[in-house]
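For reference, work_34.tsv is printed below; it contains TSV, C-alpha atoms and all ligand atoms.
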chain	number	residue	atom	x	y	z
A	1	MET	CA	10.72	-19.69	2.23
A	2	THR	CA	13.29	-18.22	4.57
A	3	ILE	CA	12.26	-17.56	8.14
A	4	ILE	CA	15.18	-16.53	10.32
A	5	ALA	CA	15.07	-16.48	14.11
A	6	ARG	CA	17.37	-15.77	17.02
A	7	PHE	CA	16.61	-18.22	19.79
A	8	ASN	CA	17.64	-19.66	23.15
A	9	ASP	CA	21.19	-18.57	24.02
A	10	ASN	CA	21.79	-16.28	21.00
A	11	ARG	CA	21.49	-19.12	18.50
A	12	LEU	CA	20.63	-18.38	14.86
A	13	GLY	CA	17.95	-20.55	13.32
A	14	VAL	CA	15.86	-21.22	10.24
A	15	VAL	CA	12.23	-22.09	10.93
A	16	GLN	CA	10.74	-24.85	8.78
A	17	GLY	CA	7.21	-25.92	9.68
A	18	ASP	CA	7.11	-26.72	13.39
A	19	VAL	CA	10.87	-27.06	13.87
A	20	ILE	CA	13.87	-24.76	13.90
A	21	LYS	CA	17.25	-25.64	12.37
A	22	ASP	CA	20.32	-24.31	14.19
A	23	VAL	CA	22.54	-22.48	11.67
A	24	THR	CA	24.65	-20.53	14.18
A	25	SER	CA	27.85	-21.71	12.46
A	26	VAL	CA	27.25	-19.29	9.54
A	27	LEU	CA	27.94	-16.39	11.91
A	28	ASP	CA	31.62	-17.40	11.81
A	29	ALA	CA	31.73	-15.71	8.39
A	30	LEU	CA	30.84	-12.29	9.81
A	31	PRO	CA	33.64	-9.71	9.83
A	32	ALA	CA	35.66	-9.50	13.03
A	33	CYS	CA	34.92	-6.20	14.75
A	34	ARG	CA	37.20	-3.85	16.64
A	35	TYR	CA	36.18	-0.78	18.54
A	36	PRO	CA	34.48	1.39	17.40
A	37	LEU	CA	31.80	-1.11	16.38
A	38	PRO	CA	29.70	-0.47	13.26
A	39	ASN	CA	26.47	1.44	13.89
A	40	HIS	CA	24.46	-1.12	11.94
A	41	ASP	CA	23.60	-4.78	12.48
A	42	ILE	CA	26.44	-6.78	10.91
A	43	PHE	CA	24.34	-9.92	10.43
A	44	ILE	CA	21.57	-8.12	8.53
A	45	ALA	CA	24.20	-6.32	6.43
A	46	ALA	CA	25.74	-9.67	5.45
A	47	LEU	CA	22.44	-11.51	4.91
A	48	PRO	CA	22.51	-11.41	1.07
A	49	GLU	CA	25.93	-13.11	0.99
A	50	LEU	CA	25.00	-15.58	3.75
A	51	ARG	CA	21.76	-16.86	2.24
A	52	GLY	CA	23.47	-19.81	0.52
A	53	ALA	CA	25.39	-20.82	3.64
A	54	ILE	CA	22.23	-20.50	5.74
A	55	ASP	CA	20.31	-22.80	3.38
A	56	ALA	CA	23.17	-25.33	3.36
A	57	ALA	CA	23.48	-25.35	7.15
A	58	ALA	CA	19.74	-25.69	7.56
A	59	ALA	CA	19.66	-28.69	5.21
A	60	LYS	CA	22.17	-30.52	7.41
A	61	ALA	CA	20.77	-29.52	10.84
A	62	GLU	CA	18.39	-31.57	12.92
A	63	GLY	CA	15.04	-29.92	13.62
A	64	ILE	CA	14.38	-28.65	17.15
A	65	PRO	CA	10.67	-28.51	18.02
A	66	LEU	CA	9.49	-24.87	18.15
A	67	ALA	CA	7.39	-25.59	21.23
A	68	GLY	CA	10.29	-25.37	23.69
A	69	VAL	CA	12.21	-22.56	22.02
A	70	THR	CA	12.86	-19.10	23.52
A	71	PHE	CA	12.55	-16.38	20.86
A	72	LEU	CA	14.82	-13.33	20.99
A	73	SER	CA	14.48	-10.21	18.85
A	74	PRO	CA	15.34	-11.31	15.28
A	75	VAL	CA	17.58	-8.22	14.97
A	76	ALA	CA	20.28	-8.20	17.65
A	77	ASN	CA	21.86	-4.77	17.19
A	78	PRO	CA	19.63	-2.32	15.33
A	79	GLY	CA	21.05	1.17	15.04
A	80	LYS	CA	17.59	2.75	15.10
A	81	LEU	CA	14.04	1.84	16.03
A	82	VAL	CA	12.04	4.14	13.76
A	83	ALA	CA	8.32	4.33	14.46
A	84	ALA	CA	5.27	5.85	12.81
A	85	PRO	CA	2.83	7.75	15.00
A	86	VAL	CA	-0.83	7.85	13.99
A	87	ASN	CA	-0.79	5.92	10.70
A	88	TYR	CA	-4.31	4.41	10.59
A	89	LEU	CA	-7.32	6.76	10.29
A	90	LYS	CA	-9.49	4.78	12.74
A	91	HIS	CA	-6.73	4.95	15.36
A	92	LEU	CA	-6.57	8.71	14.79
A	93	GLU	CA	-10.33	8.88	15.37
A	94	GLU	CA	-10.18	6.83	18.60
A	95	ALA	CA	-7.23	8.87	19.85
A	96	GLN	CA	-9.03	12.15	19.17
A	97	ALA	CA	-12.15	10.85	20.95
A	98	ASP	CA	-10.35	9.66	24.11
A	99	PRO	CA	-8.57	12.22	26.31
A	100	ALA	CA	-6.56	9.38	27.88
A	101	ILE	CA	-4.92	8.74	24.49
A	102	HIS	CA	-5.13	12.20	22.96
A	103	TYR	CA	-2.91	14.44	25.01
A	104	GLN	CA	-3.27	18.08	23.98
A	105	SER	CA	-1.80	18.61	20.52
A	106	GLN	CA	0.25	15.42	20.21
A	107	VAL	CA	-2.22	13.59	17.97
A	108	ALA	CA	-2.01	14.59	14.32
A	109	THR	CA	-1.83	12.59	11.14
A	110	ILE	CA	1.54	11.22	10.18
A	111	HIS	CA	1.77	13.80	7.37
A	112	ARG	CA	2.12	16.46	10.05
A	113	ALA	CA	3.81	14.49	12.86
A	114	GLY	CA	6.41	12.63	10.79
A	115	LEU	CA	8.27	9.83	12.56
A	116	PHE	CA	9.79	9.26	15.99
A	117	LEU	CA	12.54	7.05	17.45
A	118	LYS	CA	12.41	4.51	20.26
A	119	ALA	CA	15.49	3.65	22.30
A	120	THR	CA	17.16	0.45	21.07
A	121	SER	CA	17.56	-0.57	24.73
A	122	SER	CA	13.78	-1.11	24.84
A	123	LEU	CA	13.97	-4.02	22.35
A	124	VAL	CA	13.17	-7.58	23.41
A	125	GLY	CA	11.95	-10.80	21.83
A	126	PRO	CA	8.48	-12.12	22.60
A	127	SER	CA	9.71	-14.78	25.03
A	128	HIS	CA	11.21	-12.09	27.25
A	129	GLY	CA	7.83	-10.57	28.07
A	130	ILE	CA	6.83	-7.01	28.90
A	131	ALA	CA	7.67	-5.54	32.32
A	132	VAL	CA	5.19	-2.78	33.20
A	133	ALA	CA	7.29	-0.19	34.99
A	134	MET	CA	4.67	2.43	35.92
A	135	PRO	CA	1.47	0.59	36.86
A	136	ASP	CA	-0.17	3.88	37.92
A	137	ARG	CA	0.14	5.17	34.34
A	138	ARG	CA	-2.04	3.91	31.50
A	139	THR	CA	0.14	1.53	29.44
A	140	ASP	CA	-1.23	0.36	26.07
A	141	HIS	CA	-0.46	-2.33	23.52
A	142	GLU	CA	0.06	-1.36	19.88
A	143	ILE	CA	0.49	-4.19	17.35
A	144	GLU	CA	2.37	-3.20	14.20
A	145	LEU	CA	3.85	-4.61	11.01
A	146	VAL	CA	7.61	-4.11	11.14
A	147	ALA	CA	10.03	-3.69	8.23
A	148	ILE	CA	13.75	-4.45	8.69
A	149	ILE	CA	16.08	-2.43	6.48
A	150	GLY	CA	18.70	-4.42	4.53
A	151	LYS	CA	21.08	-1.82	3.12
A	152	ARG	CA	22.01	1.83	3.43
A	153	ALA	CA	19.21	4.08	2.20
A	154	LYS	CA	19.19	7.87	1.77
A	155	ASN	CA	16.73	9.95	-0.25
A	156	VAL	CA	14.99	6.84	-1.54
A	157	SER	CA	11.82	7.29	-3.58
A	158	LYS	CA	8.77	5.19	-2.77
A	159	GLU	CA	8.90	3.55	-6.20
A	160	ASN	CA	11.99	1.52	-5.29
A	161	ALA	CA	11.86	1.76	-1.49
A	162	LEU	CA	10.86	-1.88	-0.97
A	163	ASP	CA	14.20	-2.91	-2.52
A	164	TYR	CA	15.78	-1.72	0.73
A	165	VAL	CA	13.75	-4.05	2.96
A	166	ALA	CA	15.55	-7.22	4.08
A	167	ALA	CA	12.68	-8.80	5.97
A	168	TYR	CA	9.40	-8.29	7.77
A	169	SER	CA	8.46	-9.05	11.35
A	170	MET	CA	5.79	-8.21	13.91
A	171	GLY	CA	6.15	-5.70	16.70
A	172	LEU	CA	4.47	-4.39	19.81
A	173	ASP	CA	5.01	-0.68	20.42
A	174	ILE	CA	4.17	-0.53	24.12
A	175	THR	CA	3.17	2.97	25.16
A	176	ILE	CA	2.56	4.97	28.30
A	177	ARG	CA	-0.11	7.62	27.65
A	178	GLY	CA	0.47	11.14	28.85
A	179	PRO	CA	2.18	14.45	28.22
A	180	GLU	CA	5.81	13.40	27.71
A	181	GLU	CA	7.51	13.08	24.33
A	182	ARG	CA	6.76	9.81	22.51
A	183	SER	CA	10.44	8.87	22.56
A	184	LEU	CA	10.32	8.81	26.36
A	185	ARG	CA	6.89	7.21	26.85
A	186	LYS	CA	7.64	4.38	24.40
A	187	SER	CA	11.27	3.61	25.29
A	188	LEU	CA	11.01	1.89	28.66
A	189	ASP	CA	12.89	-1.40	28.96
A	190	THR	CA	10.92	-4.20	27.19
A	191	TYR	CA	8.51	-1.71	25.51
A	192	SER	CA	9.58	-2.69	21.98
A	193	VAL	CA	8.76	-6.33	21.27
A	194	LEU	CA	9.89	-7.86	17.97
A	195	GLY	CA	9.42	-11.36	16.67
A	196	PRO	CA	8.96	-14.21	16.75
A	197	TRP	CA	11.27	-14.19	13.71
A	198	MET	CA	11.79	-12.33	10.44
A	199	VAL	CA	10.52	-13.44	7.04
A	200	THR	CA	12.73	-12.40	4.14
A	201	ALA	CA	11.19	-9.73	1.92
A	202	ASP	CA	11.10	-11.97	-1.17
A	203	GLU	CA	8.35	-13.93	0.59
A	204	ILE	CA	6.14	-10.84	1.04
A	205	PRO	CA	6.03	-8.90	-2.24
A	206	ASP	CA	3.09	-6.81	-1.00
A	207	PRO	CA	3.39	-5.72	2.65
A	208	GLY	CA	0.28	-3.58	2.08
A	209	ASN	CA	-2.25	-6.41	2.32
A	210	LEU	CA	-1.68	-8.37	5.53
A	211	ASP	CA	-4.34	-9.24	8.10
A	212	PHE	CA	-3.19	-8.98	11.68
A	213	SER	CA	-4.68	-9.13	15.16
A	214	LEU	CA	-3.91	-8.89	18.85
A	215	GLU	CA	-5.73	-10.67	21.67
A	216	ILE	CA	-5.48	-10.11	25.42
A	217	ASN	CA	-6.39	-13.13	27.55
A	218	GLY	CA	-8.21	-14.64	24.55
A	219	GLU	CA	-10.24	-11.51	23.70
A	220	VAL	CA	-9.61	-9.77	20.37
A	221	ARG	CA	-8.62	-6.12	20.90
A	222	GLN	CA	-7.08	-5.13	17.57
A	223	ARG	CA	-7.88	-6.58	14.16
A	224	ALA	CA	-6.94	-4.83	10.93
A	225	ASN	CA	-5.20	-5.06	7.57
A	226	THR	CA	-2.09	-3.17	6.50
A	227	ARG	CA	-3.99	-1.92	3.44
A	228	ASP	CA	-5.40	0.72	5.79
A	229	LEU	CA	-1.98	2.22	6.53
A	230	ILE	CA	-2.03	5.94	5.69
A	231	LEU	CA	1.64	5.72	4.67
A	232	GLY	CA	2.64	2.22	3.60
A	233	VAL	CA	6.10	0.70	4.05
A	234	ALA	CA	7.46	2.30	0.86
A	235	GLU	CA	6.18	5.76	1.79
A	236	LEU	CA	7.58	5.42	5.32
A	237	ILE	CA	11.04	4.63	3.92
A	238	GLU	CA	10.78	7.58	1.54
A	239	LEU	CA	9.84	9.86	4.45
A	240	ALA	CA	12.52	8.54	6.81
A	241	THR	CA	15.35	8.71	4.28
A	242	ARG	CA	14.55	12.30	3.42
A	243	PHE	CA	15.65	13.10	7.00
A	244	TYR	CA	18.34	10.52	7.77
A	245	GLU	CA	20.19	7.54	6.40
A	246	LEU	CA	18.76	4.13	7.20
A	247	HIS	CA	21.27	1.35	7.89
A	248	PRO	CA	21.15	-2.45	7.71
A	249	GLY	CA	19.18	-3.71	10.67
A	250	ASP	CA	17.28	-0.49	11.28
A	251	VAL	CA	13.75	-1.40	12.31
A	252	ILE	CA	10.61	0.46	11.21
A	253	TYR	CA	7.45	0.07	13.32
A	254	THR	CA	4.74	1.06	10.84
A	255	GLY	CA	2.00	2.21	13.23
A	256	THR	CA	-0.99	0.65	14.95
A	257	PRO	CA	-4.67	0.43	14.02
A	258	GLU	CA	-7.67	1.10	16.27
A	259	GLY	CA	-8.33	-0.92	19.41
A	260	VAL	CA	-5.42	0.11	21.61
A	261	ALA	CA	-6.15	-0.65	25.26
A	262	PRO	CA	-4.35	-0.95	28.59
A	263	ILE	CA	-2.25	-3.95	29.61
A	264	LEU	CA	-1.67	-5.07	33.19
A	265	PRO	CA	0.73	-7.48	34.90
A	266	GLY	CA	-0.62	-11.00	34.48
A	267	ASP	CA	-2.10	-10.37	31.02
A	268	LYS	CA	-1.27	-12.80	28.23
A	269	LEU	CA	-1.04	-11.28	24.75
A	270	HIS	CA	-1.37	-13.24	21.52
A	271	ALA	CA	-0.40	-11.49	18.29
A	272	SER	CA	-0.54	-12.79	14.74
A	273	ILE	CA	0.07	-11.44	11.28
A	274	GLU	CA	-0.58	-13.04	7.92
A	275	ARG	CA	2.45	-14.54	6.11
A	276	ILE	CA	4.74	-13.85	9.09
A	277	GLY	CA	3.52	-15.75	12.13
A	278	GLU	CA	2.30	-15.42	15.69
A	279	PHE	CA	3.65	-15.06	19.20
A	280	ASN	CA	2.58	-15.06	22.83
A	281	VAL	CA	3.84	-12.42	25.24
A	282	GLU	CA	3.36	-12.32	28.98
A	283	VAL	CA	2.99	-9.06	30.89
A	284	ARG	CA	4.54	-8.78	34.35
A	285	ALA	CA	5.43	-6.06	36.83
A	286	ALA	CA	8.89	-4.57	36.46
A	301	MN	MN	2.94	2.74	17.59
Please go through the file and, once you have read it, give me the structure as structure tokens.
Amino acid sequence: MTIIARFNDNRLGVVQGDVIKDVTSVLDALPACRYPLPNHDIFIAALPELRGAIDAAAAKAEGIPLAGVTFLSPVANPGKLVAAPVNYLKHLEEAQADPAIHYQSQVATIHRAGLFLKATSSLVGPSHGIAVAMPDRRTDHEIELVAIIGKRAKNVSKENALDYVAAYSMGLDITIRGPEERSLRKSLDTYSVLGPWMVTADEIPDPGNLDFSLEINGEVRQRANTRDLILGVAELIELATRFYELHPGDVIYTGTPEGVAPILPGDKLHASIERIGEFNVEVRAA
């Protein structure tokens, strides 16, 4: 079981039960970088070669209780945040039924709409919290399974697409509703939450059968299973790589199920997903 986290002051850790082992020393093996920097995440790219060193460092490290740990995004420098628009049928139905969600012609199935990108500057870990920047605009939560790409991928077929996944995590695709392009409405600072850690793909052979849920202030708002994805992780990678190359550390938000609803400063979100974990996120004013 390999659960890898970034925590506190940019430390690298391995989560084991209710403790985290500090393995930051393995980062010394990463290649030294000169300008221009690579446009991928150099830690994710090196992960296959570092697995042995990570396990060895974790075996020697003392456990730090998870309770007091600050969780950062498990990917530090993704080149792209790829995201799936309407990718659950029941979310399509709720969007089509609610003018506040369904703005003119923007809501179509993923077969027609394809994918969109979120700004990487919007990415935070769960401990950072969400800063609502436009309280006069409806701002919704969207919980999503996230796949983290491990190696360069172009024109990949769905049959071997999962070979390109390094790890899985859990994301919140925070969204302002309205007429603007998705890439604008979903790219505000803190509007892409990722965490609390990543679980290496070998631990999740079937990403298409995971229960997940999101609560606001203790009330369940979204509860679903990834089996209801219209395009699963493999199909999303096939679609994305037909258009562009995916790089190590690229993050794919797979889409949200029904139950999206507004968040407000002061709200406390709790998200959980089977085989990956859970996190708490606080909502504040920007
Ligand atoms: Mn989404």
(request) Could you give me the residues within 8 Å of ligand MN 301 (chain A), counting all atoms listed in the file, as a ChimeraX atom specification? (result) /A:83-86,142-144,172-175,253-256
Since we have the selection now, will you write its residues out, keeping C-alpha atoms, as a CSV table (one decimal), in the coordinates of the input?
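What follows is the written file result.csv:
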chain,number,residue,atom,x,y,z
A,83,ALA,CA,8.3,4.3,14.5
A,84,ALA,CA,5.3,5.8,12.8
A,85,PRO,CA,2.8,7.8,15.0
A,86,VAL,CA,-0.8,7.8,14.0
A,142,GLU,CA,0.1,-1.4,19.9
A,143,ILE,CA,0.5,-4.2,17.4
A,144,GLU,CA,2.4,-3.2,14.2
A,172,LEU,CA,4.5,-4.4,19.8
A,173,ASP,CA,5.0,-0.7,20.4
A,174,ILE,CA,4.2,-0.5,24.1
A,175,THR,CA,3.2,3.0,25.2
A,253,TYR,CA,7.4,0.1,13.3
A,254,THR,CA,4.7,1.1,10.8
A,255,GLY,CA,2.0,2.2,13.2
A,256,THR,CA,-1.0,0.6,15.0
(message) With distances taken over all atoms listed in the file, which residue among A:Ala5, A:Ala153, A:Pro248, A:Ala119 lies nearest A:Ser183?
(response) A:Ala119
Please, which residues in stretch 30-107 of chain A fall within 7 Å of stretch 6-13 of chain A when counting all atoms listed in the file, and what is the closest atom pair and distance in Å to one decimal for each, ordered by chain then residue number, as JSON lines?
{"residue": "A:Val69", "atom": "CA", "partner": "A:Asn8", "partner_atom": "CA", "distance": 6.3}
{"residue": "A:Thr70", "atom": "CA", "partner": "A:Asn8", "partner_atom": "CA", "distance": 4.8}
{"residue": "A:Phe71", "atom": "CA", "partner": "A:Phe7", "partner_atom": "CA", "distance": 4.6}
{"residue": "A:Leu72", "atom": "CA", "partner": "A:Arg6", "partner_atom": "CA", "distance": 5.3}
{"residue": "A:Ser73", "atom": "CA", "partner": "A:Arg6", "partner_atom": "CA", "distance": 6.5}
{"residue": "A:Pro74", "atom": "CA", "partner": "A:Arg6", "partner_atom": "CA", "distance": 5.2}
(request) Write out as an NGL selection string each polymer residue whose atoms come within 8 Å of stretch 194-208 of chain A, counting all atoms listed in the file; drop sequence neighbours fewer than 4 positions from it. (result) :A and (1-6 or 71-74 or 123-126 or 165-172 or 225-227 or 229 or 232-233 or 275-279)
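Here atom CA of A:Gly129 stands at a distance of 12.5 Å from atom CA of A:His141.
Using only C-alpha atoms, the smallest distance between any of A:Leu210, A:Val23, A:Leu264, A:Val156 and A:Ala285 comes from A:Leu264.
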Can we get stretch 15-40 of chain A of that structure written down with N, CA and C atoms, as a PDB file, in the first residue's frame?
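Saved the output as part_23.pdb:
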ATOM      1  N   VAL A  15       1.834   7.745   4.059  1.00  0.00           N
ATOM      2  CA  VAL A  15       0.817   7.558   5.087  1.00  0.00           C
ATOM      3  C   VAL A  15       0.676   6.069   5.378  1.00  0.00           C
ATOM      4  N   GLN A  16       0.775   5.731   6.661  1.00  0.00           N
ATOM      5  CA  GLN A  16       0.590   4.340   7.096  1.00  0.00           C
ATOM      6  C   GLN A  16      -0.340   4.363   8.298  1.00  0.00           C
ATOM      7  N   GLY A  17      -1.565   3.888   8.104  1.00  0.00           N
ATOM      8  CA  GLY A  17      -2.541   3.934   9.202  1.00  0.00           C
ATOM      9  C   GLY A  17      -2.816   5.371   9.597  1.00  0.00           C
ATOM     10  N   ASP A  18      -2.645   5.683  10.892  1.00  0.00           N
ATOM     11  CA  ASP A  18      -2.963   7.038  11.344  1.00  0.00           C
ATOM     12  C   ASP A  18      -1.719   7.890  11.551  1.00  0.00           C
ATOM     13  N   VAL A  19      -0.608   7.493  10.903  1.00  0.00           N
ATOM     14  CA  VAL A  19       0.607   8.314  10.964  1.00  0.00           C
ATOM     15  C   VAL A  19       1.144   8.567   9.563  1.00  0.00           C
ATOM     16  N   ILE A  20       2.026   9.559   9.474  1.00  0.00           N
ATOM     17  CA  ILE A  20       2.719   9.836   8.220  1.00  0.00           C
ATOM     18  C   ILE A  20       4.214   9.772   8.486  1.00  0.00           C
ATOM     19  N   LYS A  21       4.946   9.149   7.556  1.00  0.00           N
ATOM     20  CA  LYS A  21       6.399   9.016   7.658  1.00  0.00           C
ATOM     21  C   LYS A  21       7.037  10.034   6.722  1.00  0.00           C
ATOM     22  N   ASP A  22       7.954  10.836   7.252  1.00  0.00           N
ATOM     23  CA  ASP A  22       8.602  11.876   6.452  1.00  0.00           C
ATOM     24  C   ASP A  22       9.708  11.250   5.590  1.00  0.00           C
ATOM     25  N   VAL A  23       9.534  11.297   4.276  1.00  0.00           N
ATOM     26  CA  VAL A  23      10.516  10.716   3.345  1.00  0.00           C
ATOM     27  C   VAL A  23      11.083  11.794   2.412  1.00  0.00           C
ATOM     28  N   THR A  24      11.090  13.031   2.883  1.00  0.00           N
ATOM     29  CA  THR A  24      11.518  14.164   2.059  1.00  0.00           C
ATOM     30  C   THR A  24      12.922  13.965   1.480  1.00  0.00           C
ATOM     31  N   SER A  25      13.759  13.206   2.186  1.00  0.00           N
ATOM     32  CA  SER A  25      15.145  13.024   1.731  1.00  0.00           C
ATOM     33  C   SER A  25      15.228  12.388   0.344  1.00  0.00           C
ATOM     34  N   VAL A  26      14.217  11.616  -0.070  1.00  0.00           N
ATOM     35  CA  VAL A  26      14.291  10.981  -1.397  1.00  0.00           C
ATOM     36  C   VAL A  26      14.255  12.026  -2.521  1.00  0.00           C
ATOM     37  N   LEU A  27      13.752  13.213  -2.220  1.00  0.00           N
ATOM     38  CA  LEU A  27      13.694  14.247  -3.263  1.00  0.00           C
ATOM     39  C   LEU A  27      15.085  14.711  -3.679  1.00  0.00           C
ATOM     40  N   ASP A  28      16.099  14.407  -2.864  1.00  0.00           N
ATOM     41  CA  ASP A  28      17.480  14.763  -3.242  1.00  0.00           C
ATOM     42  C   ASP A  28      17.900  14.068  -4.535  1.00  0.00           C
ATOM     43  N   ALA A  29      17.228  12.957  -4.875  1.00  0.00           N
ATOM     44  CA  ALA A  29      17.593  12.204  -6.075  1.00  0.00           C
ATOM     45  C   ALA A  29      16.983  12.794  -7.353  1.00  0.00           C
ATOM     46  N   LEU A  30      16.109  13.791  -7.204  1.00  0.00           N
ATOM     47  CA  LEU A  30      15.496  14.373  -8.407  1.00  0.00           C
ATOM     48  C   LEU A  30      16.542  15.134  -9.207  1.00  0.00           C
ATOM     49  N   PRO A  31      16.374  15.185 -10.532  1.00  0.00           N
ATOM     50  CA  PRO A  31      17.335  15.913 -11.356  1.00  0.00           C
ATOM     51  C   PRO A  31      17.367  17.403 -11.005  1.00  0.00           C
ATOM     52  N   ALA A  32      18.569  17.965 -10.998  1.00  0.00           N
ATOM     53  CA  ALA A  32      18.683  19.418 -10.799  1.00  0.00           C
ATOM     54  C   ALA A  32      18.105  20.107 -12.027  1.00  0.00           C
ATOM     55  N   CYS A  33      17.366  21.174 -11.819  1.00  0.00           N
ATOM     56  CA  CYS A  33      16.714  21.857 -12.936  1.00  0.00           C
ATOM     57  C   CYS A  33      17.337  23.221 -13.180  1.00  0.00           C
ATOM     58  N   ARG A  34      17.472  23.564 -14.444  1.00  0.00           N
ATOM     59  CA  ARG A  34      17.854  24.907 -14.863  1.00  0.00           C
ATOM     60  C   ARG A  34      16.740  25.457 -15.724  1.00  0.00           C
ATOM     61  N   TYR A  35      16.640  26.736 -15.794  1.00  0.00           N
ATOM     62  CA  TYR A  35      15.666  27.370 -16.665  1.00  0.00           C
ATOM     63  C   TYR A  35      15.970  27.023 -18.123  1.00  0.00           C
ATOM     64  N   PRO A  36      15.001  26.688 -18.967  1.00  0.00           N
ATOM     65  CA  PRO A  36      13.582  26.585 -18.654  1.00  0.00           C
ATOM     66  C   PRO A  36      13.251  25.286 -17.932  1.00  0.00           C
ATOM     67  N   LEU A  37      12.354  25.349 -16.961  1.00  0.00           N
ATOM     68  CA  LEU A  37      11.976  24.177 -16.181  1.00  0.00           C
ATOM     69  C   LEU A  37      11.147  23.227 -17.040  1.00  0.00           C
ATOM     70  N   PRO A  38      11.146  21.941 -16.712  1.00  0.00           N
ATOM     71  CA  PRO A  38      10.289  21.004 -17.451  1.00  0.00           C
ATOM     72  C   PRO A  38       8.818  21.397 -17.298  1.00  0.00           C
ATOM     73  N   ASN A  39       8.003  21.065 -18.300  1.00  0.00           N
ATOM     74  CA  ASN A  39       6.574  21.374 -18.181  1.00  0.00           C
ATOM     75  C   ASN A  39       5.775  20.188 -17.646  1.00  0.00           C
ATOM     76  N   HIS A  40       6.458  19.346 -16.868  1.00  0.00           N
ATOM     77  CA  HIS A  40       5.767  18.273 -16.156  1.00  0.00           C
ATOM     78  C   HIS A  40       6.237  18.289 -14.710  1.00  0.00           C
TER      79      HIS A  40
END
